[in-house]
>>> print(open('data_10.cif').read())   # mmCIF, N, CA and C atoms
data_run
loop_
_atom_site.label_atom_id
_atom_site.label_comp_id
_atom_site.auth_asym_id
_atom_site.auth_seq_id
_atom_site.Cartn_x
_atom_site.Cartn_y
_atom_site.Cartn_z
N MET M 1 -134.14 -72.29 -293.32
CA MET M 1 -135.06 -72.82 -292.35
C MET M 1 -135.80 -74.03 -292.90
N LYS M 2 -136.30 -73.92 -294.14
CA LYS M 2 -137.07 -75.01 -294.72
C LYS M 2 -136.22 -76.26 -294.87
N THR M 3 -134.95 -76.10 -295.22
CA THR M 3 -134.06 -77.24 -295.37
C THR M 3 -133.86 -77.96 -294.05
N ASN M 4 -133.68 -77.22 -292.96
CA ASN M 4 -133.51 -77.84 -291.64
C ASN M 4 -134.75 -78.60 -291.22
N ALA M 5 -135.93 -78.02 -291.44
CA ALA M 5 -137.18 -78.69 -291.08
C ALA M 5 -137.35 -79.95 -291.90
N LEU M 6 -137.05 -79.88 -293.19
CA LEU M 6 -137.15 -81.05 -294.06
C LEU M 6 -136.17 -82.12 -293.63
N SER M 7 -134.96 -81.71 -293.29
CA SER M 7 -133.94 -82.67 -292.82
C SER M 7 -134.39 -83.38 -291.56
N ARG M 8 -134.95 -82.63 -290.60
CA ARG M 8 -135.45 -83.24 -289.36
C ARG M 8 -136.59 -84.20 -289.64
N THR M 9 -137.48 -83.82 -290.58
CA THR M 9 -138.62 -84.68 -290.93
C THR M 9 -138.12 -85.96 -291.57
N VAL M 10 -137.16 -85.87 -292.46
CA VAL M 10 -136.61 -87.05 -293.12
C VAL M 10 -135.93 -87.95 -292.10
N LYS M 11 -135.13 -87.38 -291.19
CA LYS M 11 -134.46 -88.17 -290.16
C LYS M 11 -135.46 -88.84 -289.25
N ARG M 12 -136.49 -88.09 -288.83
CA ARG M 12 -137.51 -88.64 -287.94
C ARG M 12 -138.25 -89.79 -288.62
N THR M 13 -138.57 -89.62 -289.92
CA THR M 13 -139.25 -90.68 -290.67
C THR M 13 -138.36 -91.91 -290.77
N ALA M 14 -137.08 -91.72 -291.00
CA ALA M 14 -136.15 -92.85 -291.09
C ALA M 14 -136.05 -93.59 -289.76
N VAL M 15 -135.98 -92.85 -288.67
CA VAL M 15 -135.91 -93.48 -287.34
C VAL M 15 -137.18 -94.25 -287.05
N LEU M 16 -138.33 -93.64 -287.34
CA LEU M 16 -139.61 -94.33 -287.11
C LEU M 16 -139.73 -95.59 -287.96
N THR M 17 -139.29 -95.52 -289.21
CA THR M 17 -139.33 -96.68 -290.09
C THR M 17 -138.42 -97.78 -289.56
N ALA M 18 -137.21 -97.42 -289.16
CA ALA M 18 -136.28 -98.41 -288.61
C ALA M 18 -136.82 -99.02 -287.33
N THR M 19 -137.40 -98.20 -286.48
CA THR M 19 -137.96 -98.70 -285.23
C THR M 19 -139.12 -99.64 -285.49
N ALA M 20 -139.97 -99.29 -286.44
CA ALA M 20 -141.10 -100.16 -286.78
C ALA M 20 -140.59 -101.50 -287.29
N GLY M 21 -139.53 -101.48 -288.09
CA GLY M 21 -138.95 -102.73 -288.58
C GLY M 21 -138.40 -103.58 -287.45
N LEU M 22 -137.74 -102.94 -286.50
CA LEU M 22 -137.20 -103.67 -285.36
C LEU M 22 -138.31 -104.18 -284.45
N LEU M 23 -139.38 -103.41 -284.31
CA LEU M 23 -140.52 -103.87 -283.53
C LEU M 23 -141.08 -105.14 -284.14
N THR M 24 -141.24 -105.11 -285.46
CA THR M 24 -141.78 -106.27 -286.16
C THR M 24 -140.87 -107.47 -286.02
N ALA M 25 -139.57 -107.24 -286.09
CA ALA M 25 -138.60 -108.33 -285.98
C ALA M 25 -138.35 -108.76 -284.54
N GLY M 26 -138.83 -107.98 -283.60
CA GLY M 26 -138.64 -108.31 -282.18
C GLY M 26 -137.23 -108.04 -281.70
N LEU M 27 -136.54 -107.10 -282.32
CA LEU M 27 -135.15 -106.81 -281.97
C LEU M 27 -135.03 -105.56 -281.12
N LEU M 28 -135.81 -105.48 -280.09
CA LEU M 28 -135.79 -104.30 -279.26
C LEU M 28 -135.05 -104.56 -277.97
N THR M 29 -134.65 -103.48 -277.32
CA THR M 29 -133.72 -103.62 -276.22
C THR M 29 -134.26 -103.30 -274.85
N GLY M 30 -135.18 -102.38 -274.71
CA GLY M 30 -135.64 -102.01 -273.38
C GLY M 30 -136.70 -100.95 -273.43
N PRO M 31 -137.08 -100.39 -272.31
CA PRO M 31 -138.18 -99.43 -272.28
C PRO M 31 -137.85 -98.10 -272.92
N ALA M 32 -138.78 -97.59 -273.71
CA ALA M 32 -138.60 -96.28 -274.32
C ALA M 32 -139.26 -95.20 -273.51
N SER M 33 -140.15 -95.56 -272.66
CA SER M 33 -140.95 -94.60 -271.93
C SER M 33 -140.32 -94.20 -270.61
N ALA M 34 -140.32 -92.91 -270.34
CA ALA M 34 -139.87 -92.44 -269.04
C ALA M 34 -140.95 -92.70 -268.00
N ASP M 35 -142.11 -93.17 -268.47
CA ASP M 35 -143.23 -93.45 -267.57
C ASP M 35 -143.20 -94.87 -267.03
N ALA M 36 -142.09 -95.56 -267.18
CA ALA M 36 -141.98 -96.93 -266.67
C ALA M 36 -142.17 -96.91 -265.16
N PRO M 37 -142.84 -97.92 -264.63
CA PRO M 37 -143.01 -97.96 -263.18
C PRO M 37 -141.68 -98.07 -262.47
N ALA M 38 -141.57 -97.48 -261.30
CA ALA M 38 -140.33 -97.53 -260.53
C ALA M 38 -139.94 -98.97 -260.27
N GLY M 39 -138.72 -99.31 -260.61
CA GLY M 39 -138.22 -100.66 -260.39
C GLY M 39 -138.72 -101.66 -261.41
N GLY M 40 -139.48 -101.20 -262.40
CA GLY M 40 -140.02 -102.13 -263.39
C GLY M 40 -139.74 -101.68 -264.80
N GLN M 41 -140.14 -102.50 -265.73
CA GLN M 41 -139.93 -102.21 -267.14
C GLN M 41 -141.23 -101.69 -267.75
N ALA M 42 -141.14 -100.79 -268.71
CA ALA M 42 -142.32 -100.33 -269.43
C ALA M 42 -142.69 -101.38 -270.47
N ASP M 43 -143.91 -101.32 -270.93
CA ASP M 43 -144.36 -102.25 -271.96
C ASP M 43 -143.80 -101.87 -273.33
N THR M 44 -143.52 -100.60 -273.55
CA THR M 44 -143.00 -100.12 -274.83
C THR M 44 -141.48 -100.22 -274.83
N LEU M 45 -140.93 -100.71 -275.92
CA LEU M 45 -139.48 -100.90 -276.00
C LEU M 45 -138.88 -99.97 -277.04
N ALA M 46 -137.65 -99.55 -276.79
CA ALA M 46 -136.93 -98.69 -277.73
C ALA M 46 -135.82 -99.49 -278.40
N ALA M 47 -135.62 -99.22 -279.66
CA ALA M 47 -134.55 -99.86 -280.40
C ALA M 47 -133.25 -99.10 -280.19
N CYS M 48 -132.19 -99.81 -279.91
CA CYS M 48 -130.87 -99.22 -279.85
C CYS M 48 -130.10 -99.79 -281.03
N ALA M 49 -130.06 -99.06 -282.10
CA ALA M 49 -129.48 -99.58 -283.34
C ALA M 49 -128.38 -98.67 -283.88
N TYR M 50 -127.53 -98.20 -282.98
CA TYR M 50 -126.43 -97.33 -283.39
C TYR M 50 -125.18 -98.14 -283.73
N TYR M 51 -124.97 -99.24 -283.00
CA TYR M 51 -123.72 -99.99 -283.08
C TYR M 51 -123.98 -101.41 -282.61
N ASN M 52 -123.33 -102.36 -283.25
CA ASN M 52 -123.47 -103.77 -282.87
C ASN M 52 -122.08 -104.35 -282.75
N GLY M 53 -121.53 -104.28 -281.57
CA GLY M 53 -120.19 -104.79 -281.35
C GLY M 53 -119.84 -104.70 -279.88
N ASN M 54 -118.55 -104.87 -279.57
CA ASN M 54 -118.14 -104.83 -278.17
C ASN M 54 -116.78 -104.18 -277.98
N ALA M 55 -116.42 -103.27 -278.87
CA ALA M 55 -115.14 -102.58 -278.75
C ALA M 55 -115.12 -101.67 -277.52
N LEU M 56 -113.97 -101.52 -276.92
CA LEU M 56 -113.80 -100.68 -275.75
C LEU M 56 -114.27 -99.26 -276.05
N THR M 57 -115.14 -98.76 -275.19
CA THR M 57 -115.71 -97.43 -275.36
C THR M 57 -115.49 -96.69 -274.04
N VAL M 58 -114.82 -95.52 -274.13
CA VAL M 58 -114.36 -94.85 -272.92
C VAL M 58 -114.64 -93.34 -272.94
N TYR M 59 -114.44 -92.74 -271.77
CA TYR M 59 -114.60 -91.31 -271.56
C TYR M 59 -113.89 -90.52 -272.65
N GLY M 60 -114.60 -89.50 -273.16
CA GLY M 60 -114.02 -88.60 -274.16
C GLY M 60 -114.33 -89.00 -275.59
N GLN M 61 -114.79 -90.22 -275.81
CA GLN M 61 -115.09 -90.66 -277.17
C GLN M 61 -116.44 -90.11 -277.62
N ARG M 62 -116.62 -90.10 -278.94
CA ARG M 62 -117.87 -89.69 -279.57
C ARG M 62 -118.22 -90.72 -280.64
N GLY M 63 -119.50 -90.81 -280.94
CA GLY M 63 -119.90 -91.62 -282.08
C GLY M 63 -120.95 -92.67 -281.76
N ASP M 64 -121.14 -93.56 -282.73
CA ASP M 64 -122.19 -94.57 -282.66
C ASP M 64 -122.02 -95.54 -281.50
N ARG M 65 -120.77 -95.92 -281.19
CA ARG M 65 -120.57 -96.84 -280.05
C ARG M 65 -121.05 -96.19 -278.76
N VAL M 66 -120.74 -94.92 -278.60
CA VAL M 66 -121.16 -94.19 -277.40
C VAL M 66 -122.69 -94.08 -277.38
N SER M 67 -123.29 -93.73 -278.50
CA SER M 67 -124.75 -93.62 -278.58
C SER M 67 -125.41 -94.95 -278.23
N GLN M 68 -124.83 -96.05 -278.67
CA GLN M 68 -125.38 -97.37 -278.37
C GLN M 68 -125.33 -97.64 -276.87
N ALA M 69 -124.19 -97.40 -276.26
CA ALA M 69 -124.06 -97.61 -274.81
C ALA M 69 -125.04 -96.72 -274.06
N GLN M 70 -125.14 -95.47 -274.47
CA GLN M 70 -126.06 -94.54 -273.81
C GLN M 70 -127.51 -94.99 -273.96
N CYS M 71 -127.87 -95.45 -275.14
CA CYS M 71 -129.24 -95.92 -275.38
C CYS M 71 -129.55 -97.11 -274.49
N LEU M 72 -128.63 -98.06 -274.41
CA LEU M 72 -128.84 -99.22 -273.56
C LEU M 72 -128.95 -98.82 -272.09
N LEU M 73 -128.13 -97.88 -271.67
CA LEU M 73 -128.20 -97.37 -270.30
C LEU M 73 -129.52 -96.64 -270.06
N ALA M 74 -129.97 -95.86 -271.03
CA ALA M 74 -131.24 -95.14 -270.89
C ALA M 74 -132.41 -96.13 -270.82
N ASN M 75 -132.34 -97.20 -271.61
CA ASN M 75 -133.39 -98.22 -271.57
C ASN M 75 -133.51 -98.81 -270.18
N ARG M 76 -132.42 -98.88 -269.46
CA ARG M 76 -132.40 -99.47 -268.12
C ARG M 76 -132.49 -98.42 -267.02
N ARG M 77 -132.74 -97.18 -267.44
CA ARG M 77 -132.96 -96.06 -266.54
C ARG M 77 -131.73 -95.68 -265.71
N TYR M 78 -130.56 -95.90 -266.25
CA TYR M 78 -129.32 -95.45 -265.61
C TYR M 78 -128.92 -94.07 -266.14
N LEU M 79 -129.51 -93.67 -267.25
CA LEU M 79 -129.16 -92.41 -267.91
C LEU M 79 -130.45 -91.81 -268.48
N PRO M 80 -130.68 -90.51 -268.30
CA PRO M 80 -131.87 -89.89 -268.90
C PRO M 80 -131.76 -89.88 -270.42
N TRP M 81 -132.90 -90.01 -271.10
CA TRP M 81 -132.89 -90.02 -272.56
C TRP M 81 -132.27 -88.75 -273.14
N GLY M 82 -132.41 -87.64 -272.47
CA GLY M 82 -131.82 -86.39 -272.95
C GLY M 82 -130.30 -86.42 -272.98
N ASP M 83 -129.71 -87.37 -272.29
CA ASP M 83 -128.25 -87.49 -272.26
C ASP M 83 -127.71 -88.49 -273.27
N VAL M 84 -128.56 -88.99 -274.16
CA VAL M 84 -128.10 -89.86 -275.25
C VAL M 84 -127.66 -88.93 -276.37
N THR M 85 -126.38 -88.56 -276.31
CA THR M 85 -125.84 -87.51 -277.19
C THR M 85 -124.75 -88.00 -278.14
N GLY M 86 -124.22 -89.18 -277.87
CA GLY M 86 -123.09 -89.65 -278.68
C GLY M 86 -121.75 -89.20 -278.12
N TYR M 87 -121.75 -88.47 -277.01
CA TYR M 87 -120.51 -88.03 -276.36
C TYR M 87 -120.40 -88.71 -275.00
N PHE M 88 -119.29 -89.36 -274.77
CA PHE M 88 -119.05 -90.08 -273.51
C PHE M 88 -118.44 -89.10 -272.52
N GLY M 89 -119.31 -88.42 -271.79
CA GLY M 89 -118.88 -87.44 -270.81
C GLY M 89 -119.06 -87.94 -269.38
N PRO M 90 -119.03 -87.04 -268.43
CA PRO M 90 -119.11 -87.42 -267.02
C PRO M 90 -120.42 -88.11 -266.64
N LYS M 91 -121.54 -87.69 -267.22
CA LYS M 91 -122.83 -88.32 -266.90
C LYS M 91 -122.86 -89.77 -267.39
N THR M 92 -122.31 -90.00 -268.57
CA THR M 92 -122.28 -91.36 -269.11
C THR M 92 -121.35 -92.22 -268.27
N ARG M 93 -120.19 -91.68 -267.92
CA ARG M 93 -119.25 -92.45 -267.10
C ARG M 93 -119.87 -92.83 -265.76
N ALA M 94 -120.57 -91.89 -265.13
CA ALA M 94 -121.24 -92.17 -263.85
C ALA M 94 -122.31 -93.25 -264.02
N ALA M 95 -123.06 -93.17 -265.12
CA ALA M 95 -124.10 -94.17 -265.38
C ALA M 95 -123.49 -95.55 -265.62
N VAL M 96 -122.39 -95.59 -266.35
CA VAL M 96 -121.70 -96.87 -266.60
C VAL M 96 -121.21 -97.47 -265.29
N LYS M 97 -120.59 -96.65 -264.44
CA LYS M 97 -120.09 -97.14 -263.15
C LYS M 97 -121.23 -97.68 -262.29
N LYS M 98 -122.34 -96.98 -262.26
CA LYS M 98 -123.49 -97.42 -261.47
C LYS M 98 -124.02 -98.76 -262.01
N PHE M 99 -124.14 -98.85 -263.33
CA PHE M 99 -124.59 -100.10 -263.96
C PHE M 99 -123.62 -101.24 -263.63
N GLN M 100 -122.33 -100.97 -263.78
CA GLN M 100 -121.33 -102.00 -263.50
C GLN M 100 -121.40 -102.47 -262.05
N SER M 101 -121.52 -101.54 -261.12
CA SER M 101 -121.61 -101.90 -259.70
C SER M 101 -122.81 -102.79 -259.44
N ARG M 102 -123.93 -102.44 -260.00
CA ARG M 102 -125.16 -103.20 -259.77
C ARG M 102 -125.18 -104.55 -260.49
N HIS M 103 -124.25 -104.74 -261.41
CA HIS M 103 -124.19 -106.02 -262.14
C HIS M 103 -122.89 -106.78 -261.83
N HIS M 104 -122.29 -106.45 -260.70
CA HIS M 104 -121.11 -107.16 -260.19
C HIS M 104 -119.96 -107.19 -261.19
N LEU M 105 -119.75 -106.04 -261.83
CA LEU M 105 -118.63 -105.87 -262.76
C LEU M 105 -117.66 -104.87 -262.12
N THR M 106 -116.43 -104.85 -262.60
CA THR M 106 -115.48 -103.85 -262.13
C THR M 106 -115.99 -102.48 -262.55
N ALA M 107 -116.24 -101.62 -261.60
CA ALA M 107 -116.82 -100.30 -261.87
C ALA M 107 -115.74 -99.31 -262.27
N ASP M 108 -115.22 -99.48 -263.48
CA ASP M 108 -114.15 -98.61 -263.97
C ASP M 108 -114.67 -97.52 -264.91
N GLY M 109 -115.97 -97.55 -265.24
CA GLY M 109 -116.53 -96.53 -266.13
C GLY M 109 -116.21 -96.73 -267.59
N LYS M 110 -115.61 -97.87 -267.94
CA LYS M 110 -115.27 -98.19 -269.33
C LYS M 110 -116.21 -99.27 -269.82
N VAL M 111 -116.70 -99.12 -271.05
CA VAL M 111 -117.60 -100.12 -271.61
C VAL M 111 -116.76 -101.08 -272.45
N GLY M 112 -116.34 -102.16 -271.79
CA GLY M 112 -115.57 -103.20 -272.46
C GLY M 112 -116.46 -104.40 -272.74
N LYS M 113 -115.85 -105.53 -273.11
CA LYS M 113 -116.61 -106.71 -273.52
C LYS M 113 -117.61 -107.18 -272.47
N LYS M 114 -117.21 -107.24 -271.20
CA LYS M 114 -118.12 -107.72 -270.15
C LYS M 114 -119.28 -106.76 -269.92
N THR M 115 -118.98 -105.47 -269.98
CA THR M 115 -120.04 -104.48 -269.79
C THR M 115 -121.00 -104.48 -270.98
N TRP M 116 -120.46 -104.57 -272.20
CA TRP M 116 -121.34 -104.68 -273.37
C TRP M 116 -122.26 -105.88 -273.22
N TYR M 117 -121.71 -107.02 -272.84
CA TYR M 117 -122.51 -108.23 -272.70
C TYR M 117 -123.63 -108.00 -271.68
N ALA M 118 -123.30 -107.41 -270.55
CA ALA M 118 -124.30 -107.16 -269.51
C ALA M 118 -125.35 -106.16 -269.99
N LEU M 119 -124.94 -105.15 -270.72
CA LEU M 119 -125.90 -104.17 -271.24
C LEU M 119 -126.91 -104.83 -272.17
N TYR M 120 -126.44 -105.76 -272.98
CA TYR M 120 -127.33 -106.44 -273.93
C TYR M 120 -128.17 -107.54 -273.27
N HIS M 121 -127.70 -108.10 -272.19
CA HIS M 121 -128.36 -109.29 -271.63
C HIS M 121 -128.93 -109.10 -270.23
N ALA M 122 -128.78 -107.93 -269.64
CA ALA M 122 -129.28 -107.70 -268.27
C ALA M 122 -130.79 -107.63 -268.24
#
>>> encode(input="data_10.cif", output="structure tokens")
Amino acid sequence: MKTNALSRTVKRTAVLTATAGLLTAGLLTGPASADAPAGGQADTLAACAYYNGNALTVYGQRGDRVSQAQCLLANRRYLPWGDVTGYFGPKTRAAVKKFQSRHHLTADGKVGKKTWYALYHA
């Protein structure tokens, strides 16, 4: 039990330290708060620092690329923060399709180069 608690504390401290560094550098991506006004952005921003690239990311995959896409979608309120799991399942696919439709992209549910670009620049 003590090892798990210590591990969570160390991970939480690392995330907070990384986030503070990104805040200072201004490398943040979108709202972290679920309290953002409807149709608007929150003043607080969350860092999405799982992956920096644009490789095709699709249903069934797991890992940092998926976590990055999910974080960016959550920042834009297309996906609940609780669904940022690193697994590209049906909820993520639905969120990607909705994002793609609203950004005039082919709504295929795949995060390719154009979708990555829109996620980073929307």
>>> atom_distance(input="data_10.cif", atom1="atom C of Asp64 of chain M", atom2="atom CA of Val84 of chain M")
10.4 Å
>>> atom_distance(input="data_10.cif", atom1="atom CA of Ala47 of chain M", atom2="atom N of Thr106 of chain M")
25.9 Å
>>> resolve_selection(input="data_10.cif", expression="the PyMOL selection byres ((chain M and resi 61) around 6)", output="MDAnalysis selection string")
chainID M and resid 58:60 62:63 86:88
>>> residues_around(input="data_10.cif", residues="segment 92-97 of chain M", least_positions_apart="4", cutoff="5 Å", atoms="all atoms listed in the file", output="MDAnalysis selection string")
chainID M and resid 78 101 107 109
>>> residues_around(input="data_10.cif", residues="Tyr51 of chain M", least_positions_apart="5", cutoff="8 Å", atoms="only N, CA and C atoms", output="ChimeraX atom specification")
/M:63-69
